[in-house]
>>> print(open('protein_33.csv').read())   # CSV, C-alpha atoms
chain,number,residue,atom,x,y,z
A,294,MET,CA,-4.6,13.2,31.0
A,295,ARG,CA,-3.8,15.1,34.2
A,296,GLN,CA,-0.5,13.3,34.4
A,297,LEU,CA,0.3,14.3,30.8
A,298,ARG,CA,-0.5,17.9,31.6
A,299,SER,CA,1.9,17.8,34.6
A,300,LEU,CA,4.8,16.9,32.2
A,301,PRO,CA,7.1,19.7,31.1
A,302,TRP,CA,6.0,21.1,27.7
A,303,TYR,CA,9.2,19.8,26.0
A,304,VAL,CA,8.6,16.3,27.2
A,305,SER,CA,5.0,16.1,26.0
A,306,SER,CA,5.8,17.9,22.8
A,307,LEU,CA,8.6,15.5,22.0
A,308,ALA,CA,6.4,12.5,22.8
A,309,VAL,CA,3.7,13.7,20.5
A,310,VAL,CA,6.2,14.4,17.7
A,311,VAL,CA,7.9,11.0,18.1
A,312,LEU,CA,4.5,9.2,18.1
A,313,THR,CA,3.3,11.1,15.0
A,314,VAL,CA,6.5,10.4,13.1
A,315,ALA,CA,6.3,6.7,14.1
A,316,LEU,CA,2.7,6.4,13.0
A,317,ALA,CA,3.4,8.1,9.7
A,318,ALA,CA,6.4,5.9,9.0
A,319,ALA,CA,4.4,2.8,9.9
A,320,ALA,CA,1.5,3.9,7.7
A,321,ASN,CA,3.8,4.6,4.8
A,322,LEU,CA,5.6,1.3,5.1
A,323,ALA,CA,2.5,-0.9,5.7
A,324,VAL,CA,-0.2,0.8,3.6
A,325,GLY,CA,1.9,2.8,1.1
A,326,PRO,CA,2.7,-0.1,-1.2
A,327,TYR,CA,-1.0,-0.7,-1.8
A,328,PHE,CA,-1.0,2.6,-3.8
A,329,GLN,CA,2.1,1.9,-5.8
A,330,ARG,CA,2.1,0.0,-9.0
A,331,SER,CA,5.1,-1.1,-11.1
A,332,HIS,CA,5.0,-2.4,-14.7
A,333,LEU,CA,7.5,-4.7,-16.3
A,334,ASP,CA,7.3,-6.2,-19.8
A,335,GLU,CA,9.9,-8.8,-20.5
A,336,ALA,CA,10.2,-11.0,-23.6
A,337,ASN,CA,9.4,-14.7,-23.3
A,338,PRO,CA,12.8,-16.4,-22.5
A,339,LEU,CA,12.0,-19.2,-25.0
A,340,ALA,CA,11.3,-16.8,-27.8
A,341,SER,CA,15.0,-16.1,-28.4
A,342,ALA,CA,16.0,-19.8,-28.5
A,343,PRO,CA,14.7,-21.9,-31.4
A,344,THR,CA,12.8,-25.0,-30.3
A,345,THR,CA,13.0,-28.4,-31.9
A,346,GLY,CA,10.0,-30.4,-33.2
A,347,ALA,CA,10.0,-32.4,-30.0
A,348,THR,CA,9.5,-29.4,-27.8
A,349,ALA,CA,6.4,-27.4,-27.1
A,350,PRO,CA,5.8,-24.3,-29.2
A,351,VAL,CA,6.9,-21.0,-27.8
A,352,PRO,CA,4.0,-19.2,-26.3
A,353,THR,CA,3.6,-15.5,-27.1
A,354,PRO,CA,1.8,-13.0,-24.9
A,355,GLY,CA,-1.9,-12.9,-25.7
A,356,ALA,CA,-1.8,-16.2,-27.6
A,357,SER,CA,-3.2,-19.5,-26.4
A,358,VAL,CA,-0.9,-21.2,-24.0
A,359,VAL,CA,-1.9,-24.6,-25.1
A,360,PRO,CA,-1.9,-25.1,-28.8
A,361,ALA,CA,-4.5,-27.5,-30.3
A,362,SER,CA,-1.8,-29.7,-31.6
A,363,MET,CA,-0.3,-30.3,-28.3
A,364,PRO,CA,-0.4,-33.8,-26.9
A,365,GLU,CA,-2.5,-34.8,-23.9
A,366,ALA,CA,-1.4,-33.3,-20.6
A,367,ALA,CA,1.0,-35.5,-18.8
A,368,PRO,CA,0.8,-35.8,-15.1
A,369,THR,CA,4.3,-34.7,-14.6
A,370,PRO,CA,6.7,-33.2,-17.2
A,371,ALA,CA,9.6,-35.3,-18.3
A,372,PRO,CA,12.9,-33.9,-16.9
A,373,SER,CA,14.4,-33.5,-20.3
A,374,ARG,CA,11.5,-31.8,-22.0
A,375,SER,CA,11.7,-28.1,-22.9
A,376,GLY,CA,9.0,-25.6,-23.6
A,377,VAL,CA,5.9,-25.0,-21.5
A,378,LEU,CA,5.9,-27.6,-18.8
A,379,ALA,CA,2.9,-26.3,-16.8
A,380,SER,CA,0.6,-23.4,-16.6
A,381,GLY,CA,-2.3,-21.9,-14.6
A,382,GLU,CA,-4.4,-18.8,-14.1
A,383,PHE,CA,-3.9,-16.6,-11.1
A,384,VAL,CA,-6.8,-16.4,-8.6
A,385,ASP,CA,-7.3,-14.2,-5.5
A,386,GLY,CA,-5.5,-15.0,-2.3
A,387,ALA,CA,-6.7,-13.8,1.1
A,388,PRO,CA,-9.7,-11.5,1.2
A,389,GLY,CA,-9.0,-8.1,-0.2
A,390,HIS,CA,-6.1,-9.4,-2.3
A,391,PHE,CA,-6.5,-10.1,-6.0
A,392,GLY,CA,-4.4,-11.8,-8.7
A,393,ARG,CA,-4.9,-11.9,-12.4
A,394,GLY,CA,-3.0,-13.3,-15.4
A,395,ARG,CA,-1.3,-16.5,-16.2
A,396,ALA,CA,1.7,-18.3,-14.8
A,397,LEU,CA,3.9,-20.6,-17.0
A,398,LEU,CA,6.6,-23.0,-16.0
A,399,LEU,CA,9.2,-22.9,-18.8
A,400,ARG,CA,12.3,-24.9,-19.6
A,401,ALA,CA,14.7,-23.8,-22.3
A,402,GLU,CA,16.6,-26.3,-24.4
A,403,ASP,CA,19.8,-25.4,-22.6
A,404,GLY,CA,18.3,-26.4,-19.3
A,405,ARG,CA,17.5,-23.0,-17.9
A,406,GLN,CA,14.1,-23.0,-16.1
A,407,PHE,CA,11.8,-20.1,-15.6
A,408,VAL,CA,8.5,-19.1,-14.1
A,409,ARG,CA,6.8,-16.5,-16.4
A,410,PHE,CA,3.8,-14.3,-15.6
A,411,GLU,CA,1.8,-13.1,-18.5
A,412,ASP,CA,-0.9,-10.3,-18.4
A,413,PHE,CA,-0.2,-10.4,-14.8
A,414,SER,CA,-1.6,-8.0,-12.1
A,415,VAL,CA,-1.6,-8.4,-8.3
A,416,THR,CA,-2.5,-6.3,-5.3
A,417,ASN,CA,0.7,-4.7,-4.1
A,418,GLY,CA,2.0,-5.0,-0.6
A,419,PRO,CA,5.1,-5.0,1.5
A,420,ASP,CA,7.7,-7.8,1.4
A,421,LEU,CA,6.1,-9.8,-1.5
A,422,PHE,CA,7.8,-12.9,-2.7
A,423,VAL,CA,7.2,-15.3,-5.6
A,424,VAL,CA,7.1,-18.9,-4.3
A,425,LEU,CA,6.8,-22.3,-6.0
A,426,MET,CA,4.7,-24.5,-3.7
A,427,PRO,CA,4.6,-28.3,-3.6
A,428,ASP,CA,1.2,-29.9,-3.3
A,429,GLY,CA,-0.3,-30.4,0.1
A,430,THR,CA,1.3,-27.6,2.1
A,431,ASP,CA,0.4,-24.0,3.0
A,432,ASP,CA,3.8,-23.3,4.6
A,433,TYR,CA,4.9,-20.7,2.1
A,434,GLY,CA,8.2,-20.2,3.9
A,435,ALA,CA,9.1,-23.7,3.0
A,436,GLY,CA,8.4,-23.3,-0.7
A,437,LEU,CA,11.0,-22.6,-3.4
A,438,SER,CA,11.4,-18.8,-3.2
A,439,LEU,CA,12.1,-17.2,-6.6
A,440,GLY,CA,12.9,-13.9,-5.0
A,441,ARG,CA,11.0,-10.7,-4.5
A,442,LEU,CA,8.1,-9.8,-6.7
A,443,ARG,CA,9.6,-7.7,-9.4
A,444,ALA,CA,6.5,-5.9,-10.7
A,445,THR,CA,2.8,-5.8,-9.9
A,446,ASP,CA,1.8,-5.7,-13.6
A,447,GLY,CA,3.0,-7.0,-16.9
A,448,ASN,CA,4.9,-9.9,-18.3
A,449,VAL,CA,7.7,-11.0,-16.0
A,450,ASN,CA,10.2,-13.8,-15.9
A,451,TYR,CA,11.7,-15.4,-12.7
A,452,ASP,CA,14.7,-17.7,-12.9
A,453,VAL,CA,14.3,-21.1,-11.3
A,454,PRO,CA,17.4,-23.0,-10.3
A,455,ALA,CA,18.3,-25.5,-13.0
A,456,ASP,CA,18.5,-28.3,-10.5
A,457,ALA,CA,15.0,-27.8,-9.2
A,458,ASP,CA,12.6,-30.6,-10.0
A,459,LEU,CA,9.6,-28.6,-11.4
A,460,SER,CA,7.4,-31.7,-11.4
A,461,VAL,CA,6.9,-31.4,-7.6
A,462,TYR,CA,5.4,-27.9,-7.6
A,463,ALA,CA,1.6,-27.6,-7.8
A,464,ARG,CA,1.2,-23.8,-7.7
A,465,VAL,CA,3.0,-20.5,-7.8
A,466,ALA,CA,2.1,-18.0,-5.1
A,467,ILE,CA,2.6,-14.3,-4.4
A,468,TRP,CA,3.2,-14.3,-0.7
A,469,CYS,CA,3.8,-11.5,1.9
A,470,ARG,CA,6.6,-12.8,4.0
A,471,ALA,CA,6.3,-10.1,6.7
A,472,ALA,CA,2.7,-10.8,7.4
A,473,ASP,CA,2.4,-14.3,6.1
A,474,VAL,CA,-0.5,-13.4,3.8
A,475,LEU,CA,-1.2,-15.1,0.5
A,476,PHE,CA,-1.9,-12.3,-2.1
A,477,ALA,CA,-2.6,-14.6,-5.1
A,478,PHE,CA,-1.8,-18.0,-6.5
A,479,ALA,CA,-1.9,-19.9,-9.7
A,480,PRO,CA,-2.6,-23.7,-9.6
A,481,LEU,CA,-0.3,-25.3,-12.1
A,482,GLU,CA,-1.4,-28.0,-14.6
A,483,ALA,CA,1.2,-30.0,-16.5
A,484,GLN,CA,1.1,-29.5,-20.3
B,7,MET,CA,-12.1,42.5,38.0
B,8,SER,CA,-9.1,42.1,35.8
B,9,VAL,CA,-7.3,38.8,35.4
B,10,THR,CA,-3.7,38.8,34.8
B,11,PRO,CA,-2.9,36.1,32.1
B,12,ALA,CA,-0.3,33.5,33.1
B,13,ALA,CA,3.1,34.0,31.6
B,14,PRO,CA,3.6,31.9,28.4
B,15,GLU,CA,5.5,28.8,29.2
B,16,SER,CA,5.8,26.9,26.0
B,17,PRO,CA,6.4,27.8,22.3
B,18,LEU,CA,2.8,26.9,21.7
B,19,ALA,CA,1.6,29.3,24.3
B,20,ARG,CA,3.9,32.0,23.1
B,21,ALA,CA,2.7,31.4,19.5
B,22,ALA,CA,-0.9,31.7,20.7
B,23,ALA,CA,-0.1,35.0,22.3
B,24,ALA,CA,2.0,36.4,19.4
B,25,VAL,CA,0.3,35.2,16.2
B,26,PRO,CA,-2.7,37.3,15.0
B,27,ALA,CA,-6.0,35.4,15.3
B,28,PRO,CA,-7.0,35.8,11.7
B,29,LEU,CA,-3.7,34.2,10.5
B,30,TYR,CA,-3.9,30.9,12.3
B,31,SER,CA,-7.7,30.6,11.7
B,32,VAL,CA,-7.3,31.1,8.0
B,33,VAL,CA,-4.4,28.6,7.9
B,34,ALA,CA,-6.2,26.0,10.0
B,35,LEU,CA,-9.2,26.1,7.6
B,36,GLY,CA,-7.4,26.9,4.4
B,37,ALA,CA,-4.5,24.4,4.5
B,38,PRO,CA,-6.8,21.3,4.8
B,39,LEU,CA,-9.0,22.6,2.1
B,40,ALA,CA,-6.0,22.9,-0.2
B,41,ALA,CA,-5.1,19.3,0.8
B,42,ALA,CA,-8.7,18.2,0.0
B,43,ALA,CA,-8.3,19.8,-3.4
B,44,LEU,CA,-5.0,17.9,-3.9
B,45,ALA,CA,-6.7,14.7,-2.9
B,46,LEU,CA,-9.4,15.3,-5.5
B,47,PHE,CA,-6.6,16.0,-8.0
B,48,LEU,CA,-5.1,12.6,-7.2
B,49,ALA,CA,-8.4,10.9,-7.3
B,50,VAL,CA,-9.1,12.2,-10.8
B,51,GLY,CA,-5.6,12.1,-12.2
B,52,GLN,CA,-4.7,8.5,-11.3
B,53,SER,CA,-5.7,5.4,-13.1
B,54,HIS,CA,-5.2,3.2,-10.1
B,55,ASP,CA,-8.7,2.3,-8.7
B,56,GLY,CA,-7.4,2.1,-5.1
B,57,THR,CA,-5.9,5.6,-5.2
B,58,GLN,CA,-9.0,7.0,-6.8
B,59,TRP,CA,-11.3,5.7,-4.2
B,60,PHE,CA,-9.1,6.4,-1.2
B,61,MET,CA,-8.3,9.9,-2.2
B,62,ALA,CA,-12.0,10.7,-3.1
B,63,GLY,CA,-13.0,9.5,0.4
B,64,ALA,CA,-10.2,11.4,2.0
B,65,ALA,CA,-11.2,14.6,0.2
B,66,VAL,CA,-14.8,14.2,1.3
B,67,ALA,CA,-13.8,13.5,4.9
B,68,ILE,CA,-11.4,16.5,5.0
B,69,ALA,CA,-14.0,18.8,3.6
B,70,ALA,CA,-16.6,17.5,6.0
B,71,SER,CA,-14.4,18.0,9.0
B,72,ILE,CA,-13.5,21.6,7.9
B,73,GLY,CA,-17.2,22.3,7.3
B,74,ALA,CA,-18.0,21.1,10.8
B,75,ALA,CA,-15.2,23.2,12.2
B,76,ALA,CA,-16.5,26.3,10.4
B,77,MET,CA,-19.9,25.9,11.9
B,78,THR,CA,-18.9,25.2,15.5
B,79,GLY,CA,-16.6,26.5,18.2
B,80,GLY,CA,-14.7,25.6,21.2
B,81,VAL,CA,-13.4,22.1,21.7
B,82,ILE,CA,-15.6,20.6,18.9
B,83,ARG,CA,-14.0,23.1,16.5
B,84,ALA,CA,-10.6,22.2,17.7
B,85,ALA,CA,-11.3,18.5,17.3
B,86,ALA,CA,-12.8,18.9,13.8
B,87,LEU,CA,-9.9,21.1,12.6
B,88,SER,CA,-7.3,18.7,13.9
B,89,LEU,CA,-9.1,15.7,12.5
B,90,GLY,CA,-9.2,17.3,9.1
B,91,ALA,CA,-5.5,18.2,9.4
B,92,GLY,CA,-4.7,14.6,10.4
B,93,MET,CA,-6.6,13.1,7.5
B,94,ALA,CA,-4.7,15.4,5.1
B,95,PHE,CA,-1.4,14.5,6.8
B,96,PHE,CA,-1.8,10.7,6.9
B,97,ALA,CA,-3.6,10.4,3.5
B,98,GLY,CA,-0.6,12.3,2.1
B,99,VAL,CA,1.9,10.1,3.9
B,100,VAL,CA,0.7,6.9,2.4
B,101,VAL,CA,1.0,8.3,-1.2
B,102,LEU,CA,4.4,10.1,-0.7
B,103,HIS,CA,5.5,8.7,-4.0
B,104,HIS,CA,3.3,11.3,-5.6
B,105,ALA,CA,4.3,15.0,-5.3
B,106,ALA,CA,0.7,15.9,-4.4
B,107,GLY,CA,0.9,13.3,-1.6
B,108,ALA,CA,3.9,15.0,-0.1
B,109,ALA,CA,2.2,18.4,-0.5
B,110,MET,CA,-0.9,17.0,1.3
B,111,ALA,CA,1.2,15.8,4.2
B,112,ALA,CA,2.9,19.2,4.5
B,113,LEU,CA,-0.4,21.0,4.4
B,114,GLY,CA,-1.8,18.7,7.0
B,115,ALA,CA,1.2,19.3,9.3
B,116,ILE,CA,0.8,23.1,8.8
B,117,ALA,CA,-2.9,22.9,9.4
B,118,TRP,CA,-2.4,21.0,12.6
B,119,LEU,CA,0.1,23.5,14.0
B,120,ALA,CA,-2.4,26.3,13.2
B,121,ALA,CA,-5.2,24.3,14.9
B,122,LEU,CA,-3.0,23.7,17.9
B,123,VAL,CA,-2.3,27.4,18.2
B,124,GLU,CA,-6.0,28.3,17.9
B,125,THR,CA,-6.9,25.6,20.4
B,126,GLN,CA,-4.3,26.9,22.8
B,127,ARG,CA,-5.6,30.4,22.4
B,128,THR,CA,-9.3,29.6,22.8
B,129,SER,CA,-9.6,26.6,25.1
B,130,ARG,CA,-6.1,25.5,26.2
B,131,GLN,CA,-7.2,21.9,25.3
B,132,ALA,CA,-4.2,21.0,23.1
B,133,ALA,CA,-4.6,17.3,24.1
B,134,VAL,CA,-8.0,17.3,22.3
B,135,SER,CA,-6.2,18.5,19.2
B,136,VAL,CA,-3.5,15.9,19.5
B,137,VAL,CA,-6.0,13.0,20.0
B,138,ALA,CA,-8.2,14.2,17.1
B,139,PHE,CA,-5.1,14.5,14.8
B,140,LEU,CA,-3.9,11.0,15.6
B,141,ALA,CA,-7.4,9.6,15.3
B,142,ALA,CA,-7.4,10.4,11.6
B,143,LEU,CA,-5.1,7.5,10.9
B,144,PRO,CA,-7.5,4.8,12.1
B,145,VAL,CA,-10.4,6.6,10.3
B,146,LEU,CA,-8.4,6.4,7.1
B,147,LEU,CA,-7.5,2.8,7.7
B,148,ALA,CA,-11.1,1.9,8.3
B,149,TRP,CA,-12.0,3.6,5.0
B,150,LEU,CA,-9.3,1.6,3.2
B,151,ALA,CA,-10.6,-1.7,4.7
B,152,CYS,CA,-14.1,-0.7,3.7
B,153,MET,CA,-13.0,0.0,0.2
B,154,VAL,CA,-11.2,-3.3,-0.2
B,155,LEU,CA,-13.3,-5.7,1.8
B,156,VAL,CA,-16.8,-4.3,1.4
B,157,ILE,CA,-16.9,-2.3,-1.8
B,158,GLY,CA,-14.4,-4.7,-3.5
B,159,VAL,CA,-12.1,-2.1,-4.9
B,160,GLU,CA,-9.1,-3.8,-6.6
B,161,ALA,CA,-5.7,-2.2,-6.3
>>> encode(input="protein_33.csv", output="structure tokens")
Amino acid sequence: MRQLRSLPWYVSSLAVVVLTVALAAAANLAVGPYFQRSHLDEANPLASAPTTGATAPVPTPGASVVPASMPEAAPTPAPSRSGVLASGEFVDGAPGHFGRGRALLLRAEDGRQFVRFEDFSVTNGPDLFVVLMPDGTDDYGAGLSLGRLRATDGNVNYDVPADADLSVYARVAIWCRAADVLFAFAPLEAQ
Amino acid sequence: MSVTPAAPESPLARAAAAVPAPLYSVVALGAPLAAAALALFLAVGQSHDGTQWFMAGAAVAIAASIGAAAMTGGVIRAAALSLGAGMAFFAGVVVLHHAAGAAMAALGAIAWLAALVETQRTSRQAAVSVVAFLAALPVLLAWLACMVLVIGVEA
């Protein structure tokens, strides 16, 4: 403290201002997202394309994802199948981080593949990504990244590369890349 | 025996000599109180649970620190004033996406300047004011952690 007092006033003042601004910026970047919500309500990508009798019915928001007439769940979806391939409910990730809603793996008849979140809500944070994870690993950086989280709430679609083999993915995760923290995940069960 | 005051050497010392005492005292107490009112406004007006809890806690903490400052003097008053100003500033900084948050941050900064001037005038312990102001950030972070991990507030 005595050394600080011996500094010229402009040096100590500048140091205090720089420290204050740096702390404020860090607080805004690291904690600010927790207080920000974003809502997106996108249509089901399968709703616009008619499905054949051989494909699964198109789910609608709020409706049951697995109709009673659907056949027994297969361990892995057949590559050529379209409709709902797998689904799961979001659960909380690391302590203090929550996730709600449903995740669906969808394939359209034209081969396009999607992950769709319905009635979704998650704790917000910095640098959040949507990641498809294969079974038996917690290395989220090695999963199939579908890009940044687009909204913290709502019904949201994420494109999946058409050449991705969806049968190898066991869960979809909301992951903070910067801090390597799992915010929420949905274990996927084949339909 | 008369003591000749030292010549002002910094803008803070010059401000302490030039600004009338009632002005900076009123600002040092009034600005954080206005920030506390804005925090309550945010707590009541937002549907987001995390914002409601965080801002309600910040409003209570700011009001408590200003209450403590009003009832004490000297270094403790300087610390309490600056702590309240810091909580207004940093609580506003994390919700800058709200206009009220930006106003809180501005009020906190103004309150801190007033508290610094008062501290310089009364005790020349500006370092206490700086430390108390910056200590507001870990206090707010501790409240946020308590909210999320202990109370279980969902964002």
>>> closest_residue(input="protein_33.csv", among="B:Ala23, B:Ile82, B:Ala97, B:Cys152", to="Leu46 in chain B", atoms="only C-alpha atoms")
B:Ala97
>>> atom_distance(input="protein_33.csv", atom1="CA of Leu459 in chain A", atom2="CA of Thr416 in chain A")
26.1 Å
>>> residues_around(input="protein_33.csv", residues="range 62-74 of chain B", least_positions_apart="5", cutoff="7 Å", atoms="all atoms listed in the file", output="PyMOL selection string")
chain B and resi 35+38-39+42-43+45-46+49+86-87+89-90+93-94+97
>>> closest_atom_pairs(input="protein_33.csv", of="chain B", to="chain A", cutoff="8 Å", atoms="only C-alpha atoms", output="CSV")
residue,atom,partner,partner_atom,distance
B:Glu15,CA,A:Trp302,CA,7.9
B:Ser16,CA,A:Trp302,CA,6.0
B:His54,CA,A:Phe328,CA,7.6
B:Gly56,CA,A:Phe328,CA,6.5
B:Thr57,CA,A:Phe328,CA,5.9
B:Phe96,CA,A:Ala317,CA,6.5
B:Val99,CA,A:Asn321,CA,5.9
B:Val100,CA,A:Gly325,CA,4.5
B:Val101,CA,A:Gly325,CA,6.0
B:Leu102,CA,A:Asn321,CA,7.8
B:His103,CA,A:Gln329,CA,7.8
B:Val136,CA,A:Val309,CA,7.6
B:Leu140,CA,A:Thr313,CA,7.2
B:Val154,CA,A:Gly389,CA,5.3
B:Leu155,CA,A:Gly389,CA,5.3
B:Gly158,CA,A:Gly389,CA,7.2
B:Glu160,CA,A:Phe391,CA,6.8
B:Ala161,CA,A:Thr416,CA,5.3
>>> residues_near_point(input="protein_33.csv", point="(-7.2, 28.3, 13.0)", cutoff="8 Å", atoms="all atoms listed in the file", output="MDAnalysis selection string")
chainID B and resid 27:35 87 117 120:125
>>> atom_distance(input="protein_33.csv", atom1="CA of Arg441 in chain A", atom2="CA of Val377 in chain A")
22.8 Å
>>> decode(input="protein_33.csv", residues="range 99-118 of chain B", atoms="N, CA and C atoms", output="PDB file, in the first residue's frame")
ATOM      1  N   VAL B  99     -23.396  -3.711 -14.940  1.00  0.00           N
ATOM      2  CA  VAL B  99     -22.529  -4.147 -16.038  1.00  0.00           C
ATOM      3  C   VAL B  99     -22.948  -5.517 -16.588  1.00  0.00           C
ATOM      4  N   VAL B 100     -23.400  -6.414 -15.718  1.00  0.00           N
ATOM      5  CA  VAL B 100     -23.744  -7.761 -16.203  1.00  0.00           C
ATOM      6  C   VAL B 100     -25.117  -7.791 -16.883  1.00  0.00           C
ATOM      7  N   VAL B 101     -25.878  -6.720 -16.751  1.00  0.00           N
ATOM      8  CA  VAL B 101     -27.174  -6.676 -17.467  1.00  0.00           C
ATOM      9  C   VAL B 101     -27.221  -5.430 -18.363  1.00  0.00           C
ATOM     10  N   LEU B 102     -26.119  -5.193 -19.045  1.00  0.00           N
ATOM     11  CA  LEU B 102     -26.042  -4.013 -19.909  1.00  0.00           C
ATOM     12  C   LEU B 102     -27.039  -4.079 -21.071  1.00  0.00           C
ATOM     13  N   HIS B 103     -27.550  -5.278 -21.355  1.00  0.00           N
ATOM     14  CA  HIS B 103     -28.524  -5.381 -22.444  1.00  0.00           C
ATOM     15  C   HIS B 103     -29.856  -4.758 -22.058  1.00  0.00           C
ATOM     16  N   HIS B 104     -30.039  -4.433 -20.775  1.00  0.00           N
ATOM     17  CA  HIS B 104     -31.199  -3.663 -20.339  1.00  0.00           C
ATOM     18  C   HIS B 104     -30.766  -2.211 -20.172  1.00  0.00           C
ATOM     19  N   ALA B 105     -31.631  -1.276 -20.592  1.00  0.00           N
ATOM     20  CA  ALA B 105     -31.306   0.143 -20.405  1.00  0.00           C
ATOM     21  C   ALA B 105     -31.129   0.460 -18.926  1.00  0.00           C
ATOM     22  N   ALA B 106     -31.942  -0.170 -18.094  1.00  0.00           N
ATOM     23  CA  ALA B 106     -31.827   0.071 -16.650  1.00  0.00           C
ATOM     24  C   ALA B 106     -30.478  -0.414 -16.125  1.00  0.00           C
ATOM     25  N   GLY B 107     -29.941  -1.473 -16.728  1.00  0.00           N
ATOM     26  CA  GLY B 107     -28.631  -1.966 -16.323  1.00  0.00           C
ATOM     27  C   GLY B 107     -27.538  -0.960 -16.650  1.00  0.00           C
ATOM     28  N   ALA B 108     -27.621  -0.373 -17.842  1.00  0.00           N
ATOM     29  CA  ALA B 108     -26.645   0.655 -18.221  1.00  0.00           C
ATOM     30  C   ALA B 108     -26.754   1.854 -17.286  1.00  0.00           C
ATOM     31  N   ALA B 109     -27.977   2.212 -16.926  1.00  0.00           N
ATOM     32  CA  ALA B 109     -28.169   3.345 -16.011  1.00  0.00           C
ATOM     33  C   ALA B 109     -27.602   3.015 -14.628  1.00  0.00           C
ATOM     34  N   MET B 110     -27.787   1.766 -14.199  1.00  0.00           N
ATOM     35  CA  MET B 110     -27.214   1.357 -12.904  1.00  0.00           C
ATOM     36  C   MET B 110     -25.694   1.477 -12.915  1.00  0.00           C
ATOM     37  N   ALA B 111     -25.084   1.015 -13.997  1.00  0.00           N
ATOM     38  CA  ALA B 111     -23.623   1.087 -14.089  1.00  0.00           C
ATOM     39  C   ALA B 111     -23.152   2.534 -14.045  1.00  0.00           C
ATOM     40  N   ALA B 112     -23.860   3.398 -14.764  1.00  0.00           N
ATOM     41  CA  ALA B 112     -23.482   4.823 -14.768  1.00  0.00           C
ATOM     42  C   ALA B 112     -23.650   5.433 -13.379  1.00  0.00           C
ATOM     43  N   LEU B 113     -24.751   5.111 -12.728  1.00  0.00           N
ATOM     44  CA  LEU B 113     -24.988   5.639 -11.378  1.00  0.00           C
ATOM     45  C   LEU B 113     -23.927   5.128 -10.400  1.00  0.00           C
ATOM     46  N   GLY B 114     -23.539   3.867 -10.557  1.00  0.00           N
ATOM     47  CA  GLY B 114     -22.498   3.307  -9.700  1.00  0.00           C
ATOM     48  C   GLY B 114     -21.175   4.025  -9.882  1.00  0.00           C
ATOM     49  N   ALA B 115     -20.836   4.319 -11.143  1.00  0.00           N
ATOM     50  CA  ALA B 115     -19.581   5.022 -11.413  1.00  0.00           C
ATOM     51  C   ALA B 115     -19.615   6.435 -10.830  1.00  0.00           C
ATOM     52  N   ILE B 116     -20.750   7.116 -10.997  1.00  0.00           N
ATOM     53  CA  ILE B 116     -20.891   8.480 -10.452  1.00  0.00           C
ATOM     54  C   ILE B 116     -20.803   8.445  -8.925  1.00  0.00           C
ATOM     55  N   ALA B 117     -21.484   7.466  -8.340  1.00  0.00           N
ATOM     56  CA  ALA B 117     -21.466   7.346  -6.870  1.00  0.00           C
ATOM     57  C   ALA B 117     -20.057   7.089  -6.365  1.00  0.00           C
ATOM     58  N   TRP B 118     -19.303   6.295  -7.111  1.00  0.00           N
ATOM     59  CA  TRP B 118     -17.934   5.999  -6.689  1.00  0.00           C
ATOM     60  C   TRP B 118     -17.053   7.244  -6.743  1.00  0.00           C
TER      61      TRP B 118
END
